[in-house]
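Text of input-v5.txt, listed as compact mmCIF, C-alpha atoms:
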```txt
# COMPACT_ATOMS: atom_id res chain seq x y z
CA MET A 9 2.08 -43.80 -2.01
CA LYS A 10 4.64 -43.09 -4.71
CA LYS A 11 8.37 -43.87 -4.76
CA PHE A 12 10.65 -41.40 -6.52
CA LEU A 13 14.27 -41.76 -7.57
CA LEU A 14 16.13 -38.54 -8.41
CA ARG A 15 19.49 -38.65 -10.21
CA VAL A 16 21.66 -35.55 -9.77
CA LYS A 17 25.29 -34.56 -10.15
CA GLY A 18 27.43 -34.50 -7.05
CA ASP A 19 28.32 -30.83 -6.68
CA GLU A 20 27.02 -28.85 -3.70
CA ALA A 21 24.68 -26.52 -5.63
CA GLU A 22 23.05 -29.43 -7.48
CA ILE A 23 22.34 -31.32 -4.27
CA ALA A 24 21.01 -28.20 -2.54
CA SER A 25 18.79 -27.33 -5.50
CA ILE A 26 16.94 -30.65 -5.31
CA LEU A 27 15.49 -29.92 -1.84
CA PRO A 28 12.31 -28.14 -3.02
CA VAL A 29 11.56 -31.17 -5.22
CA VAL A 30 11.97 -33.42 -2.17
CA ASN A 31 9.75 -31.09 -0.17
CA ALA A 32 7.04 -31.07 -2.84
CA ILE A 33 7.03 -34.87 -3.17
CA ILE A 34 6.84 -35.70 0.54
CA ASN A 35 4.14 -33.07 1.08
CA GLU A 36 2.05 -34.38 -1.82
CA HIS A 37 1.24 -37.56 0.13
CA GLU A 38 2.12 -38.63 3.67
CA ASP A 39 3.56 -41.95 2.44
CA ASN A 40 5.61 -40.74 -0.51
CA GLN A 41 9.30 -41.67 -0.49
CA VAL A 42 12.33 -40.14 -2.22
CA ALA A 43 15.73 -41.63 -2.99
CA ILE A 44 18.55 -39.48 -4.39
CA VAL A 45 21.49 -40.90 -6.33
CA TYR A 46 24.35 -38.42 -6.64
CA THR A 47 27.84 -38.65 -8.09
CA ASP A 48 30.37 -38.97 -5.28
CA ALA A 49 32.36 -35.86 -6.21
CA THR A 50 31.25 -34.74 -2.77
CA GLN A 51 29.93 -36.53 0.31
CA ILE A 52 26.67 -35.55 1.91
CA ASP A 53 25.29 -36.53 5.30
CA ASP A 54 21.73 -37.55 4.53
CA PHE A 55 20.66 -37.47 8.19
CA TRP A 56 19.92 -33.77 7.48
CA LEU A 57 17.30 -34.73 4.90
CA PRO A 58 13.58 -34.84 5.75
CA GLU A 59 11.91 -38.07 6.80
CA ARG A 60 11.16 -40.48 3.97
CA CYS A 61 14.16 -39.28 2.00
CA TRP A 62 17.56 -40.99 1.56
CA ALA A 63 20.68 -40.31 -0.49
CA TYR A 64 23.13 -42.74 -2.10
CA SER A 65 26.44 -41.93 -3.77
CA ILE A 66 27.51 -43.50 -7.06
CA SER A 67 31.19 -43.57 -7.99
CA LYS A 68 32.62 -42.30 -11.26
CA LYS A 69 33.51 -45.88 -12.20
CA GLU A 70 29.88 -46.92 -11.79
CA THR A 71 28.76 -44.25 -14.28
CA GLU A 72 31.15 -45.17 -17.11
CA SER A 73 29.40 -48.25 -18.53
CA MET A 74 25.91 -49.73 -18.72
CA PHE A 75 27.10 -52.89 -17.00
CA ALA A 76 28.47 -50.87 -14.06
CA ALA A 77 25.20 -48.91 -13.82
CA HIS A 78 23.23 -52.17 -13.67
CA LYS A 79 25.60 -53.58 -11.05
CA PHE A 80 25.18 -50.44 -8.91
CA ALA A 81 21.40 -50.81 -9.09
CA ALA A 82 21.56 -54.51 -8.25
CA ASN A 83 23.39 -53.71 -4.99
CA LEU A 84 20.78 -51.15 -3.92
CA HIS A 85 17.72 -53.36 -3.47
CA GLU A 86 15.63 -50.89 -1.44
CA VAL A 87 15.30 -48.55 -4.42
CA PHE A 88 13.93 -51.22 -6.79
CA ASN A 89 10.47 -50.94 -8.34
CA THR A 90 10.34 -47.17 -8.05
CA ASP A 91 7.35 -45.35 -9.51
CA TYR A 92 9.12 -42.33 -11.00
CA TYR A 93 12.73 -41.86 -12.05
CA ILE A 94 13.73 -38.25 -12.80
CA ASP A 95 17.09 -37.93 -14.49
CA TYR A 96 18.75 -34.53 -14.03
CA VAL A 97 22.12 -35.73 -15.37
CA ASN A 98 20.77 -36.90 -18.74
CA ASP A 99 23.64 -38.94 -20.11
CA MET A 100 23.39 -42.48 -21.44
CA TYR A 101 24.40 -44.18 -18.20
CA SER A 102 22.10 -42.18 -15.94
CA ALA A 103 19.24 -42.95 -18.34
CA VAL A 104 20.08 -46.66 -18.00
CA LEU A 105 19.87 -46.37 -14.19
CA GLY A 106 16.13 -45.72 -14.45
CA LEU A 107 15.76 -48.96 -16.38
CA ALA A 108 18.02 -50.83 -13.96
CA PHE A 109 15.94 -49.69 -10.98
CA ARG A 110 12.74 -50.83 -12.76
CA ALA A 111 11.10 -47.43 -12.69
CA ASN A 112 7.56 -47.39 -14.04
CA VAL A 113 7.95 -43.89 -15.49
CA LYS A 114 11.36 -42.54 -16.53
CA ILE A 115 11.69 -38.78 -17.11
CA GLY A 116 14.61 -36.96 -18.74
CA LEU A 117 15.57 -34.50 -21.45
CA GLN A 118 15.09 -35.04 -25.19
CA GLY A 119 18.05 -35.66 -27.44
CA GLY A 120 20.13 -38.57 -28.67
CA PRO A 121 19.78 -42.34 -28.13
CA LYS A 122 19.32 -41.88 -24.36
CA SER A 123 15.79 -40.60 -25.06
CA PHE A 124 14.73 -44.17 -25.85
CA PHE A 125 15.12 -45.02 -22.16
CA TYR A 126 12.58 -42.37 -21.07
CA GLN A 127 8.80 -42.59 -21.15
CA VAL A 128 8.68 -38.80 -20.89
CA SER A 129 11.28 -36.72 -22.76
CA LEU A 130 11.14 -33.06 -21.80
CA PRO A 131 12.46 -30.35 -24.13
CA GLU A 132 14.14 -28.57 -21.21
CA TYR A 133 14.04 -27.95 -17.48
CA SER A 134 12.54 -24.48 -17.35
CA GLY A 135 12.98 -21.56 -14.97
CA GLU A 136 15.37 -18.80 -14.02
CA TYR A 137 16.76 -20.40 -10.84
CA LEU A 138 18.47 -23.75 -10.44
CA ASP A 139 15.90 -25.10 -7.96
CA GLU A 140 13.08 -23.83 -10.21
CA LYS A 141 14.53 -25.85 -13.09
CA LYS A 142 14.54 -28.95 -10.91
CA MET A 143 10.91 -28.37 -9.89
CA SER A 144 9.79 -28.07 -13.51
CA ALA A 145 10.30 -31.82 -14.04
CA LEU A 146 7.40 -32.55 -11.67
CA LYS A 147 5.01 -31.16 -14.30
CA ALA A 148 5.39 -34.55 -15.97
CA VAL A 149 4.18 -36.39 -12.85
CA GLU A 150 0.56 -36.91 -11.85
CA GLY A 151 -0.27 -35.25 -8.52
CA ASN A 152 -0.42 -31.93 -6.72
CA PHE A 153 3.17 -30.77 -6.23
CA LYS A 154 2.52 -27.10 -5.57
CA ASN A 155 3.86 -27.06 -1.99
CA ALA A 156 7.53 -26.69 -2.87
CA ASN A 157 8.44 -23.56 -0.91
CA ILE A 158 10.55 -24.07 2.19
CA ASP A 159 9.11 -22.41 5.27
CA HIS A 160 10.99 -19.23 6.18
CA ALA A 161 10.37 -19.76 9.90
CA PHE A 162 13.08 -20.82 12.34
CA THR A 163 12.02 -23.66 14.65
CA HIS A 164 14.81 -22.94 17.16
CA GLN A 165 14.00 -19.75 18.97
CA ARG A 166 16.94 -19.92 21.38
CA ILE A 167 20.44 -20.52 20.05
CA SER A 168 22.69 -22.42 22.45
CA ASN A 169 23.87 -25.71 20.87
CA ILE A 170 25.89 -25.38 17.67
CA PHE A 171 26.71 -28.35 15.43
CA ILE A 172 30.06 -28.01 13.62
CA CYS A 173 30.40 -30.29 10.58
CA TYR A 174 34.01 -31.32 10.14
CA PRO A 175 34.75 -32.46 6.55
CA HIS A 176 34.95 -36.18 5.81
CA LYS A 177 38.52 -35.67 4.64
CA TYR A 178 40.81 -33.98 7.18
CA ASP A 179 41.03 -30.27 6.34
CA VAL A 180 43.72 -28.42 8.30
CA GLU A 181 42.40 -25.00 7.25
CA PHE A 182 38.88 -25.81 8.43
CA VAL A 183 40.22 -27.03 11.79
CA GLU A 184 42.18 -23.79 12.25
CA ARG A 185 39.17 -21.71 11.31
CA MET A 186 36.97 -23.51 13.82
CA ASN A 187 39.59 -22.99 16.53
CA PHE A 188 39.52 -19.27 15.77
CA LEU A 189 35.73 -19.30 15.78
CA ALA A 190 35.66 -20.97 19.21
CA GLU A 191 37.32 -17.81 20.60
CA CYS A 192 34.46 -15.74 19.16
CA LEU A 193 31.74 -17.89 20.75
CA PRO A 194 32.78 -18.17 24.42
CA THR A 195 29.40 -19.08 25.95
CA LEU A 196 27.74 -21.17 23.22
CA LYS A 197 28.03 -24.96 23.32
CA LEU A 198 30.06 -26.16 20.33
CA HIS A 199 29.69 -29.79 19.20
CA GLY A 200 32.16 -30.92 16.53
CA TYR A 201 30.89 -33.87 14.50
CA ILE A 202 33.40 -36.14 12.76
CA PRO A 203 31.97 -38.91 10.54
CA SER A 204 32.77 -42.35 11.95
CA GLU A 205 34.80 -43.33 8.87
CA SER A 206 36.93 -40.18 9.30
CA VAL A 207 37.81 -40.46 13.01
CA GLU A 208 41.23 -41.97 12.36
CA GLY A 209 42.14 -39.11 10.01
CA TYR A 210 41.51 -36.59 12.79
CA ASP A 211 43.44 -38.51 15.42
CA GLY A 212 45.92 -36.21 17.17
CA VAL A 213 44.59 -33.06 15.53
CA LYS A 214 44.68 -30.00 17.82
CA VAL A 215 41.11 -28.85 18.29
CA SER A 216 40.03 -26.07 20.65
CA LYS A 217 39.04 -27.36 24.10
CA ARG A 218 35.81 -25.40 23.68
CA ILE A 219 34.71 -27.77 20.90
CA SER A 220 33.39 -31.14 22.07
CA LEU A 221 34.19 -33.68 19.36
CA PHE A 222 31.85 -36.62 18.83
CA SER A 223 31.02 -39.29 16.27
CA GLU A 224 27.77 -41.19 15.91
CA SER A 225 26.13 -43.38 13.30
CA PRO A 226 23.94 -41.62 10.72
CA ASN A 227 20.93 -43.58 11.95
CA ILE A 228 21.29 -42.16 15.46
CA LEU A 229 21.92 -38.64 14.20
CA ARG A 230 18.84 -38.82 11.97
CA ARG A 231 16.79 -39.21 15.16
CA ARG A 232 18.46 -36.47 17.19
CA ILE A 233 19.71 -33.90 14.68
CA ASP A 234 17.03 -31.38 15.67
CA GLU A 235 18.59 -31.10 19.14
CA PHE A 236 21.04 -28.61 17.61
CA ASP A 237 19.97 -25.00 17.07
CA ALA A 238 22.60 -23.86 14.57
CA VAL A 239 24.98 -25.48 12.11
CA ILE A 240 28.44 -24.37 10.95
CA THR A 241 29.71 -26.06 7.80
CA LYS A 242 31.75 -25.54 4.63
CA SER A 243 29.17 -27.54 2.65
CA LEU A 244 26.45 -25.57 0.85
CA ALA A 245 24.32 -28.71 0.68
CA THR A 246 24.53 -29.26 4.45
CA ALA A 247 23.87 -25.58 5.15
CA GLN A 248 20.75 -25.61 2.96
CA MET A 249 19.50 -28.91 4.37
CA SER A 250 19.88 -27.72 7.97
CA ARG A 251 18.35 -24.32 7.20
CA ASN A 252 15.36 -26.06 5.65
CA ARG A 253 14.87 -27.90 8.95
CA GLY A 254 14.46 -24.54 10.70
CA GLN A 255 17.99 -24.30 12.09
CA LEU A 256 20.32 -21.32 11.75
CA ALA A 257 22.92 -22.25 9.12
CA LEU A 258 26.34 -20.59 8.83
CA LEU A 259 28.43 -21.35 5.75
CA VAL A 260 32.23 -21.12 6.06
CA GLY A 261 34.28 -19.85 3.13
CA ASP A 262 36.86 -17.38 1.85
CA GLU A 263 36.45 -13.61 1.59
CA GLU A 264 34.60 -13.78 -1.71
CA LEU A 265 32.09 -16.42 -0.52
CA THR A 266 28.70 -16.06 -2.23
CA ILE A 267 25.51 -18.09 -1.91
CA PRO A 268 23.23 -18.97 -4.85
CA GLU A 269 19.84 -17.32 -5.20
CA TRP A 270 16.89 -19.69 -5.03
CA LYS A 271 13.25 -19.56 -6.11
CA HIS A 272 11.78 -21.85 -3.45
CA MET A 273 14.22 -21.58 -0.53
CA PRO A 274 14.73 -18.74 1.97
CA GLU A 275 17.77 -16.52 1.57
CA THR A 276 18.71 -16.78 5.23
CA ILE A 277 21.94 -18.77 5.23
CA GLY A 278 24.68 -16.91 7.06
CA ARG A 279 28.21 -16.43 5.77
CA LEU A 280 31.43 -16.68 7.75
CA CYS A 281 34.10 -15.17 5.50
CA PHE A 282 37.72 -15.97 6.35
CA SER A 283 41.15 -14.95 5.16
CA GLY A 284 43.34 -17.89 6.02
CA SER A 285 42.42 -18.90 9.58
CA THR A 286 41.11 -15.44 10.56
CA LEU A 287 37.45 -14.47 10.37
CA LEU A 288 36.97 -11.18 8.54
CA SER A 289 33.21 -10.78 8.24
CA TYR A 290 29.91 -12.50 8.98
CA GLY A 291 26.22 -12.00 8.41
CA ILE A 292 23.03 -13.02 6.67
CA GLY A 293 22.32 -10.88 3.63
CA GLU A 294 24.66 -7.97 4.36
CA LEU A 295 28.10 -8.71 5.74
CA ILE A 296 29.41 -7.21 8.99
CA GLN A 297 33.13 -6.72 9.58
CA LEU A 298 34.37 -8.51 12.69
CA LYS A 299 35.76 -5.95 15.14
CA THR A 300 35.59 -7.70 18.51
CA PHE A 301 35.06 -11.40 19.22
CA PRO A 302 31.80 -11.06 21.23
CA ASP A 303 30.11 -9.27 18.31
CA LEU A 304 29.63 -12.52 16.41
CA GLU A 305 28.13 -14.35 19.37
CA ASP A 306 25.73 -11.48 20.04
CA TYR A 307 24.68 -11.57 16.39
CA ILE A 308 23.98 -15.32 16.45
CA VAL A 309 22.18 -15.34 19.80
CA ASN A 310 20.06 -12.28 19.02
CA TYR A 311 19.45 -12.91 15.34
CA GLN A 312 15.88 -14.09 15.93
CA SER A 313 14.86 -10.84 17.63
CA LEU A 314 16.94 -8.51 15.43
CA ARG A 315 15.88 -9.78 12.01
CA LEU A 316 13.08 -7.99 10.18
CA VAL A 317 9.98 -10.14 9.95
CA PRO A 318 7.51 -9.19 7.17
```
Re-express the file's structure as C-alpha cells.
Amino acid sequence: MKKFLLRVKGDEAEIASILPVVNAIINEHEDNQVAIVYTDATQIDDFWLPERCWAYSISKKETESMFAAHKFAANLHEVFNTDYYIDYVNDMYSAVLGLAFRANVKIGLQGGPKSFFYQVSLPEYSGEYLDEKKMSALKAVEGNFKNANIDHAFTHQRISNIFICYPHKYDVEFVERMNFLAECLPTLKLHGYIPSESVEGYDGVKVSKRISLFSESPNILRRRIDEFDAVITKSLATAQMSRNRGQLALLVGDEELTIPEWKHMPETIGRLCFSGSTLLSYGIGELIQLKTFPDLEDYIVNYQSLRLVP
C-alpha cells in the first residue's frame, strides 16, 4: 500500500486534470490511497471521487507563509506520513507542505530554493494535454501506473434520475437556468442538491416544483451517489468526476462554452449552452439548437442507443 498526496491549484481544469493520476494510483494497488490538497478558489464535492481518494481545500492565507503551511498540515492528521508528495503548484509554500506532511518522497519541478525540499526535481511536466502533464510526474514513482485511461463506457444504461448540483454560493442565474431546464425535461426525475452549509442561502428561492431539493452529508452521498444516472452542473470538475464514474454529465455554461481536450479521459461530457436564462443549444461533441422542449429530453434518454460505438 502507498499513500499519495497531490497538491494542485484550485481552478476547475486543474482539479479535473488530476483524475487520471488518481485512477492510475488506485488501480496500481488495491490498497493505495490518494489525498488531494487544492487551493480554495473553488469548492469541490469530493463524494464524486473514487473510493480511497479524498480532497481538502487550503485557503489563500494558509499558502502565504511557511508557518501557515505547517499549521495547515498539523490540523490534517490523516494525511501525515504519506509515501509520495507530488507538487503541481511548485512554489515555496507548496514545497514546504510536503515536508510538513512528512512525505517520504517529495516530487516537484526544478528551479530556485524550493528544489531543496524535493527528493526528486523534474525538469518539466511533459505532454501535450493538461492531464498528460499531470501523469508524467508518476514516472518518478516506483510502480506500474500504466492504467490511467478512464473507461469510455457508461454504467447507467437507463436515464431517469438526474442530479442537479446547485453551487455552494447562491447563484440566481443558475437557479433560473435550472427552472427553464425543468420545462424541457417533463418526465425525468430531477433532484436538486444543495450543500448543507449553503441551505440557508437558498432559503426562499423560487425553484421549479419539478425539482426536488435535498441536502445530505458528504459521507452519505459518497455511499449513494451512483443512484443517479446523469448530472447537471456548472462545475467542470464535478462534470468530469461524475462522467468518470460512468454517469452522463451535462455542463452548464454560456453560448461560447467549450470543454478542454484530454489525453486520458473520454470526450463525452455534454454541453448545455444558455443565453441568460434561456437554453440555446445542447449536445455532446456537436451542438444541437433547441427547437422544442421535448427534443432535449429525447436526446438525454436515447443518447445511449443513438451514440456511435466503435
TODO: For each of A:Pro302, A:Asp237, A:Lys242, A:Ser65, take the minimum atom-to-atom distance to Arg279 (chain A), counting all atoms listed in the file, then give the residue where this is smallest.
DONE: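 Selected residue with least distance to Arg279 (chain A): A:Lys242.
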Using only C-alpha atoms, determine which residues lie at most 10 Å from Val30 (chain A), disregarding the query and same-chain residues fewer than 4 positions distant; provide the list as a ChimeraX atom specification. /A:12,14,25-26,34-36,40-44,57-58,60-61,143,156
| Neighbour list for Gln312 (chain A) as a list in words, cut-off 12 Å, all atoms listed in the file, skip fewer than 3 positions in-chain |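 Here the answer would be Ala161, Phe162, Thr163, His164, Gln165, Arg166, Ile167, Asp237, Ala238, Gly254, Gln255, Leu256, Thr276, Ile292, Asp306, Tyr307, Ile308, Val309, Arg315, Leu316 and Val317 of chain A.
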Next item on the list: Find the residues around region 184-200 of chain A up to 10 Å (all atoms listed in the file counted), leave out those fewer than 6 positions away in its own chain, and share them as a ChimeraX atom specification.
Entry: /A:167-174,214-223,236,238-241,260-261,280,282-287,298,300-306,308-309
Practice task
Can you work out the spacing between CA of Ala103 (chain A) and CA of Asp54 (chain A) in Å, to one decimal?
Solution key: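 Between CA of Ala103 (chain A) and CA of Asp54 (chain A) the gap is 23.6 Å.
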What separates CA of His78 (chain A) and CA of Ile66 (chain A) is a distance of 11.7 Å
(22.6, -47.4, -16.6) in this file's frame - what residues fall within 8 Å of it? Use only C-alpha atoms and give the answer as a ChimeraX atom specification.
/A:71,73-78,100-108
* Please identify all polymer residues within 10 Å of Asp48 (chain A), counting only C-alpha atoms, omitting same-chain residues fewer than 6 positions from it, and present them as a list in words. =>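 Listing them by chain and then by number gives Lys17, Gly18, Asp19, Tyr64, Ser65, Ile66, Ser67 and Lys68 of chain A.
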For the selection you just gave me, I'd like the residues written to a file as a compact mmCIF listing (two decimals), in the coordinates of the input, keeping C-alpha atoms.
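Okay, this is what ended up in again-v1.txt:
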```
# COMPACT_ATOMS: atom_id res chain seq x y z
CA LYS A 17 25.29 -34.56 -10.15
CA GLY A 18 27.43 -34.50 -7.05
CA ASP A 19 28.32 -30.83 -6.68
CA TYR A 64 23.13 -42.74 -2.10
CA SER A 65 26.44 -41.93 -3.77
CA ILE A 66 27.51 -43.50 -7.06
CA SER A 67 31.19 -43.57 -7.99
CA LYS A 68 32.62 -42.30 -11.26
```
May I ask which of the residues A:Tyr178, A:Ile233, A:Ala32, A:Met9 is the closest one to Asp211 (chain A), counting all atoms listed in the file?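 Of all the options, A:Tyr178 lies closest to Asp211 (chain A).
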Using only C-alpha atoms, find each residue in region 10-113 of chain A having at least one atom no more than 10 Å away from region 132-139 of chain A; report its shortest atom-to-atom pair and that distance in Å (one decimal), rows by chain then rising number, as JSON lines.
```
{"residue": "A:Ala21", "atom": "CA", "partner": "A:Leu138", "partner_atom": "CA", "distance": 8.3}
{"residue": "A:Glu22", "atom": "CA", "partner": "A:Leu138", "partner_atom": "CA", "distance": 7.9}
{"residue": "A:Ile23", "atom": "CA", "partner": "A:Asp139", "partner_atom": "CA", "distance": 9.7}
{"residue": "A:Ala24", "atom": "CA", "partner": "A:Asp139", "partner_atom": "CA", "distance": 8.1}
{"residue": "A:Ser25", "atom": "CA", "partner": "A:Asp139", "partner_atom": "CA", "distance": 4.4}
{"residue": "A:Ile26", "atom": "CA", "partner": "A:Asp139", "partner_atom": "CA", "distance": 6.2}
{"residue": "A:Leu27", "atom": "CA", "partner": "A:Asp139", "partner_atom": "CA", "distance": 7.8}
{"residue": "A:Pro28", "atom": "CA", "partner": "A:Asp139", "partner_atom": "CA", "distance": 6.8}
{"residue": "A:Val29", "atom": "CA", "partner": "A:Asp139", "partner_atom": "CA", "distance": 7.9}
{"residue": "A:Tyr96", "atom": "CA", "partner": "A:Tyr133", "partner_atom": "CA", "distance": 8.8}
```
Taken to one decimal, the CA of Leu130 (chain A)-CA of Ala81 (chain A) distance is 24.1 Å
Set the distance at 10 Å and use only C-alpha atoms: which residues neighbour Gly119 (chain A) once local chain neighbours fewer than 6 positions away are removed? I'd like the list as a ChimeraX atom specification. /A:98-99,129-131
Note to self: Which residue is closest to Tyr46 (chain A)? Choose from A:Ile228, A:Val97, A:Ala82, A:Tyr210 and count all atoms listed in the file.
What the structure shows: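 Among the listed residues, the smallest separation from Tyr46 (chain A) belongs to A:Val97.
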- Task: Determine the nearest neighbour of Glu70 (chain A) from the options A:Ile115, A:Val45, A:Cys281, A:Leu295, counting all atoms listed in the file.
- Result: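 That would be A:Val45, the residue with the smallest distance to Glu70 (chain A).
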- prompt: Counting all atoms listed in the file, which of A:Ala148, A:Ile158, A:Val213, A:Val87 gets nearest to Val180 (chain A)?
  reply: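 The answer is A:Val213, which sits nearest to Val180 (chain A).
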Output region 128-150 of chain A as a PDB file, in the frame of the given file, making sure N, CA, C and O atoms are there.
```pdb
ATOM      1  N   VAL A 128       8.987 -40.221 -20.704  1.00  0.00           N
ATOM      2  CA  VAL A 128       8.680 -38.800 -20.890  1.00  0.00           C
ATOM      3  C   VAL A 128       9.986 -38.076 -21.185  1.00  0.00           C
ATOM      4  O   VAL A 128      10.890 -38.061 -20.344  1.00  0.00           O
ATOM      5  N   SER A 129      10.090 -37.484 -22.381  1.00  0.00           N
ATOM      6  CA  SER A 129      11.280 -36.720 -22.760  1.00  0.00           C
ATOM      7  C   SER A 129      10.926 -35.244 -22.810  1.00  0.00           C
ATOM      8  O   SER A 129      10.162 -34.815 -23.675  1.00  0.00           O
ATOM      9  N   LEU A 130      11.449 -34.489 -21.883  1.00  0.00           N
ATOM     10  CA  LEU A 130      11.140 -33.060 -21.800  1.00  0.00           C
ATOM     11  C   LEU A 130      12.080 -32.261 -22.701  1.00  0.00           C
ATOM     12  O   LEU A 130      13.256 -32.607 -22.832  1.00  0.00           O
ATOM     13  N   PRO A 131      11.575 -31.176 -23.296  1.00  0.00           N
ATOM     14  CA  PRO A 131      12.460 -30.350 -24.130  1.00  0.00           C
ATOM     15  C   PRO A 131      13.510 -29.615 -23.318  1.00  0.00           C
ATOM     16  O   PRO A 131      14.613 -29.359 -23.803  1.00  0.00           O
ATOM     17  N   GLU A 132      13.196 -29.271 -22.077  1.00  0.00           N
ATOM     18  CA  GLU A 132      14.140 -28.570 -21.210  1.00  0.00           C
ATOM     19  C   GLU A 132      13.609 -28.579 -19.780  1.00  0.00           C
ATOM     20  O   GLU A 132      12.436 -28.903 -19.545  1.00  0.00           O
ATOM     21  N   TYR A 133      14.473 -28.256 -18.836  1.00  0.00           N
ATOM     22  CA  TYR A 133      14.040 -27.950 -17.480  1.00  0.00           C
ATOM     23  C   TYR A 133      13.956 -26.433 -17.417  1.00  0.00           C
ATOM     24  O   TYR A 133      14.952 -25.738 -17.617  1.00  0.00           O
ATOM     25  N   SER A 134      12.775 -25.910 -17.161  1.00  0.00           N
ATOM     26  CA  SER A 134      12.540 -24.480 -17.350  1.00  0.00           C
ATOM     27  C   SER A 134      12.588 -23.723 -16.029  1.00  0.00           C
ATOM     28  O   SER A 134      12.323 -24.265 -14.967  1.00  0.00           O
ATOM     29  N   GLY A 135      12.952 -22.435 -16.127  1.00  0.00           N
ATOM     30  CA  GLY A 135      12.980 -21.560 -14.970  1.00  0.00           C
ATOM     31  C   GLY A 135      14.253 -20.759 -14.912  1.00  0.00           C
ATOM     32  O   GLY A 135      15.264 -21.100 -15.535  1.00  0.00           O
ATOM     33  N   GLU A 136      14.211 -19.685 -14.138  1.00  0.00           N
ATOM     34  CA  GLU A 136      15.370 -18.800 -14.020  1.00  0.00           C
ATOM     35  C   GLU A 136      16.379 -19.314 -13.004  1.00  0.00           C
ATOM     36  O   GLU A 136      17.587 -19.147 -13.169  1.00  0.00           O
ATOM     37  N   TYR A 137      15.892 -19.950 -11.934  1.00  0.00           N
ATOM     38  CA  TYR A 137      16.760 -20.400 -10.840  1.00  0.00           C
ATOM     39  C   TYR A 137      16.984 -21.901 -10.935  1.00  0.00           C
ATOM     40  O   TYR A 137      16.160 -22.653 -11.470  1.00  0.00           O
ATOM     41  N   LEU A 138      18.106 -22.345 -10.350  1.00  0.00           N
ATOM     42  CA  LEU A 138      18.470 -23.750 -10.440  1.00  0.00           C
ATOM     43  C   LEU A 138      17.419 -24.649  -9.790  1.00  0.00           C
ATOM     44  O   LEU A 138      17.053 -25.691 -10.341  1.00  0.00           O
ATOM     45  N   ASP A 139      16.913 -24.268  -8.614  1.00  0.00           N
ATOM     46  CA  ASP A 139      15.900 -25.100  -7.960  1.00  0.00           C
ATOM     47  C   ASP A 139      14.574 -25.054  -8.716  1.00  0.00           C
ATOM     48  O   ASP A 139      13.811 -26.018  -8.711  1.00  0.00           O
ATOM     49  N   GLU A 140      14.286 -23.945  -9.387  1.00  0.00           N
ATOM     50  CA  GLU A 140      13.080 -23.830 -10.210  1.00  0.00           C
ATOM     51  C   GLU A 140      13.147 -24.777 -11.402  1.00  0.00           C
ATOM     52  O   GLU A 140      12.146 -25.395 -11.783  1.00  0.00           O
ATOM     53  N   LYS A 141      14.342 -24.906 -11.997  1.00  0.00           N
ATOM     54  CA  LYS A 141      14.530 -25.850 -13.090  1.00  0.00           C
ATOM     55  C   LYS A 141      14.276 -27.270 -12.635  1.00  0.00           C
ATOM     56  O   LYS A 141      13.659 -28.075 -13.337  1.00  0.00           O
ATOM     57  N   LYS A 142      14.769 -27.603 -11.434  1.00  0.00           N
ATOM     58  CA  LYS A 142      14.540 -28.950 -10.910  1.00  0.00           C
ATOM     59  C   LYS A 142      13.042 -29.201 -10.695  1.00  0.00           C
ATOM     60  O   LYS A 142      12.518 -30.254 -11.032  1.00  0.00           O
ATOM     61  N   MET A 143      12.344 -28.226 -10.159  1.00  0.00           N
ATOM     62  CA  MET A 143      10.910 -28.370  -9.890  1.00  0.00           C
ATOM     63  C   MET A 143      10.108 -28.573 -11.172  1.00  0.00           C
ATOM     64  O   MET A 143       9.080 -29.248 -11.168  1.00  0.00           O
ATOM     65  N   SER A 144      10.573 -28.010 -12.277  1.00  0.00           N
ATOM     66  CA  SER A 144       9.790 -28.070 -13.510  1.00  0.00           C
ATOM     67  C   SER A 144       9.583 -29.496 -13.997  1.00  0.00           C
ATOM     68  O   SER A 144       8.613 -29.780 -14.712  1.00  0.00           O
ATOM     69  N   ALA A 145      10.454 -30.429 -13.607  1.00  0.00           N
ATOM     70  CA  ALA A 145      10.300 -31.820 -14.040  1.00  0.00           C
ATOM     71  C   ALA A 145       9.051 -32.458 -13.456  1.00  0.00           C
ATOM     72  O   ALA A 145       8.502 -33.408 -14.035  1.00  0.00           O
ATOM     73  N   LEU A 146       8.581 -31.963 -12.310  1.00  0.00           N
ATOM     74  CA  LEU A 146       7.400 -32.550 -11.670  1.00  0.00           C
ATOM     75  C   LEU A 146       6.114 -32.280 -12.448  1.00  0.00           C
ATOM     76  O   LEU A 146       5.078 -32.873 -12.165  1.00  0.00           O
ATOM     77  N   LYS A 147       6.189 -31.391 -13.454  1.00  0.00           N
ATOM     78  CA  LYS A 147       5.010 -31.160 -14.300  1.00  0.00           C
ATOM     79  C   LYS A 147       4.661 -32.413 -15.106  1.00  0.00           C
ATOM     80  O   LYS A 147       3.543 -32.556 -15.585  1.00  0.00           O
ATOM     81  N   ALA A 148       5.623 -33.312 -15.239  1.00  0.00           N
ATOM     82  CA  ALA A 148       5.390 -34.550 -15.970  1.00  0.00           C
ATOM     83  C   ALA A 148       4.874 -35.675 -15.077  1.00  0.00           C
ATOM     84  O   ALA A 148       4.701 -36.803 -15.537  1.00  0.00           O
ATOM     85  N   VAL A 149       4.624 -35.382 -13.818  1.00  0.00           N
ATOM     86  CA  VAL A 149       4.180 -36.390 -12.850  1.00  0.00           C
ATOM     87  C   VAL A 149       2.751 -36.079 -12.414  1.00  0.00           C
ATOM     88  O   VAL A 149       2.409 -34.928 -12.145  1.00  0.00           O
ATOM     89  N   GLU A 150       1.920 -37.103 -12.329  1.00  0.00           N
ATOM     90  CA  GLU A 150       0.560 -36.910 -11.850  1.00  0.00           C
ATOM     91  C   GLU A 150       0.570 -36.620 -10.358  1.00  0.00           C
ATOM     92  O   GLU A 150       1.238 -37.293  -9.585  1.00  0.00           O
TER      93      GLU A 150
END
```
